[in-house]
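**Q** Structure in structure tokens, see below.
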Number of protein chains: 2
Amino acid sequence: MTEIDLQQGSEHADGVVDLLGMLSYTTLSGFFRLSADAASATSLRDRMALAEIAVGEYGHYRQLLGRLEQLNVDPDAAMRPFVPALDAFNARTRPADWLEGLVKAYVGDSISADFYRMIADLLDPRTQTLVNDVLADTGHADFVVVRVREAITENPSVAGRLALWARRLVGEAVGQAQRIAAERESLARLLASGDPAQKGKIGRMFARLTDAHSGRMAALGLTSQSTKAPPPDRS
Amino acid sequence: MTEIDLQQGSEHADGVVDLLGMLSYTTLSGFFRLSADAASATSLRDRMALAEIAVGEYGHYRQLLGRLEQLNVDPDAAMRPFVPALDAFNARTRPADWLEGLVKAYVGDSISADFYRMIADLLDPRTQTLVNDVLADTGHADFVVVRVREAITENPSVAGRLALWARRLVGEAVGQAQRIAAERESLARLLASGDPAQKGKIGRMFARLTDAHSGRMAALGLTSQSTKAPPPDRS
């Protein structure tokens, strides 16, 4: 798909705008959530570190806005259709405390990043590059892994609660992705693309997504409760 | 005062580090508060506009951090002494709603900016320039003035409540400035500098500060109450 196709509204142009709009609002919401997490950190060093990560997320949002503007799409109009679904997801998965917030930011954001990459893989190379760029980790993963592992070492009983919380986040994220795809015809069409090679690609991507999630749970020191889970990381 | 004096710890070097540390934490807290205000805005356009202003404030914080690092001062150590006083100020002046939040961000932040500029005027030109740079408005004033005036047009009775709130903010800001100056010897020494020319300067600066506050109240469409006595401390 060429730049001109995109600007003139080709078959996939709506899908691109939907993906960019949804991802823009996701990064803007991520910025708000990370800023709030930063503000509630007890140590000044954590507040500083998380604020930097939040502003990194805002930089991603700005990149997406810039691309929408290049495509002559009003960012507000592109984001608005996704506000209710994403706000509802955030309302349903409001962390009860600082640790749940960290796990949400890592596990929840990573799994939604995997979904976005999956959709981007069905689109033009320029959109793929941008999406991969803005989904790059802003240093958050390392921060969360260290803090969560410290908390588990201090009090091993939190591991079970956080593992359950992570499973719930994944369930909600999958449900949200299905609802959005069902509501947005352009995304549904894209994912249901008739090309058999694409279908095989989606299957492989889902497998990668599951593997990536298990890897993150292990990194956090949380036993994955899925039946297909790898043995718990004892490191 | 030269760069070498500052790095080697001249008479005013502690004052510079205190000012930069206090202002760094003020801008970091401002960033947190503006992000929270942005997240709670009802329209997506307001959320986007305020998030941009919040990140502008974070840019100021980064500039200050950069200067502290140039002076070989650990930003965390420079900020930490001011965390309790500034957190207490924010806790005492927690806005009851969105409009009070806007007025606090404009009236409260402007008056503290005026204090910081006052202190910077007693320091080296490089510090003065940096402080004036980071206190430059990030577009917040226009945003707040438009929104507050709209709210007053819609419901004129809010003007009285917001005018009282603004007076309370000024009272708290003055109290906070006095407490900090009393606690931090380096700042007290700076403000109590024996130079009679400096004393005249401080008097003129206080007059400018009062005028600037009255100007902001008028811009908001709030009658300035400055001729009356300050309200009793409600804390």
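Identifiers for the structure tokens are assigned positionally: chains receive A, B, ... in sequence, residues are indexed from 1 per chain, and ligands are indexed from 1 in the order shown.
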Only residues of chain B matter here; which ones have an atom within 10 Å of chain A, counting only C-alpha atoms? Give them as a ChimeraX atom specification.
**A** /B:25,28-29,31-40,43-45,47-48,51-52,54-55,58-59,62,75-77,79-80,83
**Q** Can you tell me which residues surround Trp98 (chain A) at a distance of at most 12 Å, considering only C-alpha atoms, apart from same-chain residues fewer than 2 positions away, and format the answer as a PyMOL selection string?
**A** chain A and resi 33-34+36-42+46+94-96+100-105+144+147-148+151+162
**Q** Out of A:Gly30, A:Gly171, A:Gly139, A:Gly108, which residue has the shortest atom-to-atom distance to Met217 (chain A) when counting only C-alpha atoms?
**A**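 Among the listed residues, A:Gly108 lies closest to Met217 (chain A).
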**Q** Using DSSP assignments from the backbone, pull out every residue in region 110-170 of chain B that falls under helix (DSSP H, G or I) and give it to me as a ChimeraX atom specification.
**A** /B:110-120,125-134,140-154,158-170
**Q** Within 10 Å of Leu209 (chain B), counting only C-alpha atoms, which residues show up once you throw out same-chain ones fewer than 3 positions away? Write them as a PyMOL selection string, please.
**A** chain B and resi 110-115+117-118+203-206+212-215
**Q** Give me the residues within 8 Å of Leu187 (chain A) as number ranges by chain, counting only C-alpha atoms and dropping any in the same chain fewer than 5 places off.
**A** A: 15, 18-19, 181
**Q** Could you tell me how far CA of Glu185 (chain B) sits from CA of Pro125 (chain B), in Å to one decimal place?
**A** 21.9 Å
**Q** Could you check which of A:Leu64, A:Val73, A:Leu122, A:Leu20 is closest to Ala188 (chain A), using only C-alpha atoms?
**A**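 Smallest separation from Ala188 (chain A) among the options: A:Leu122.
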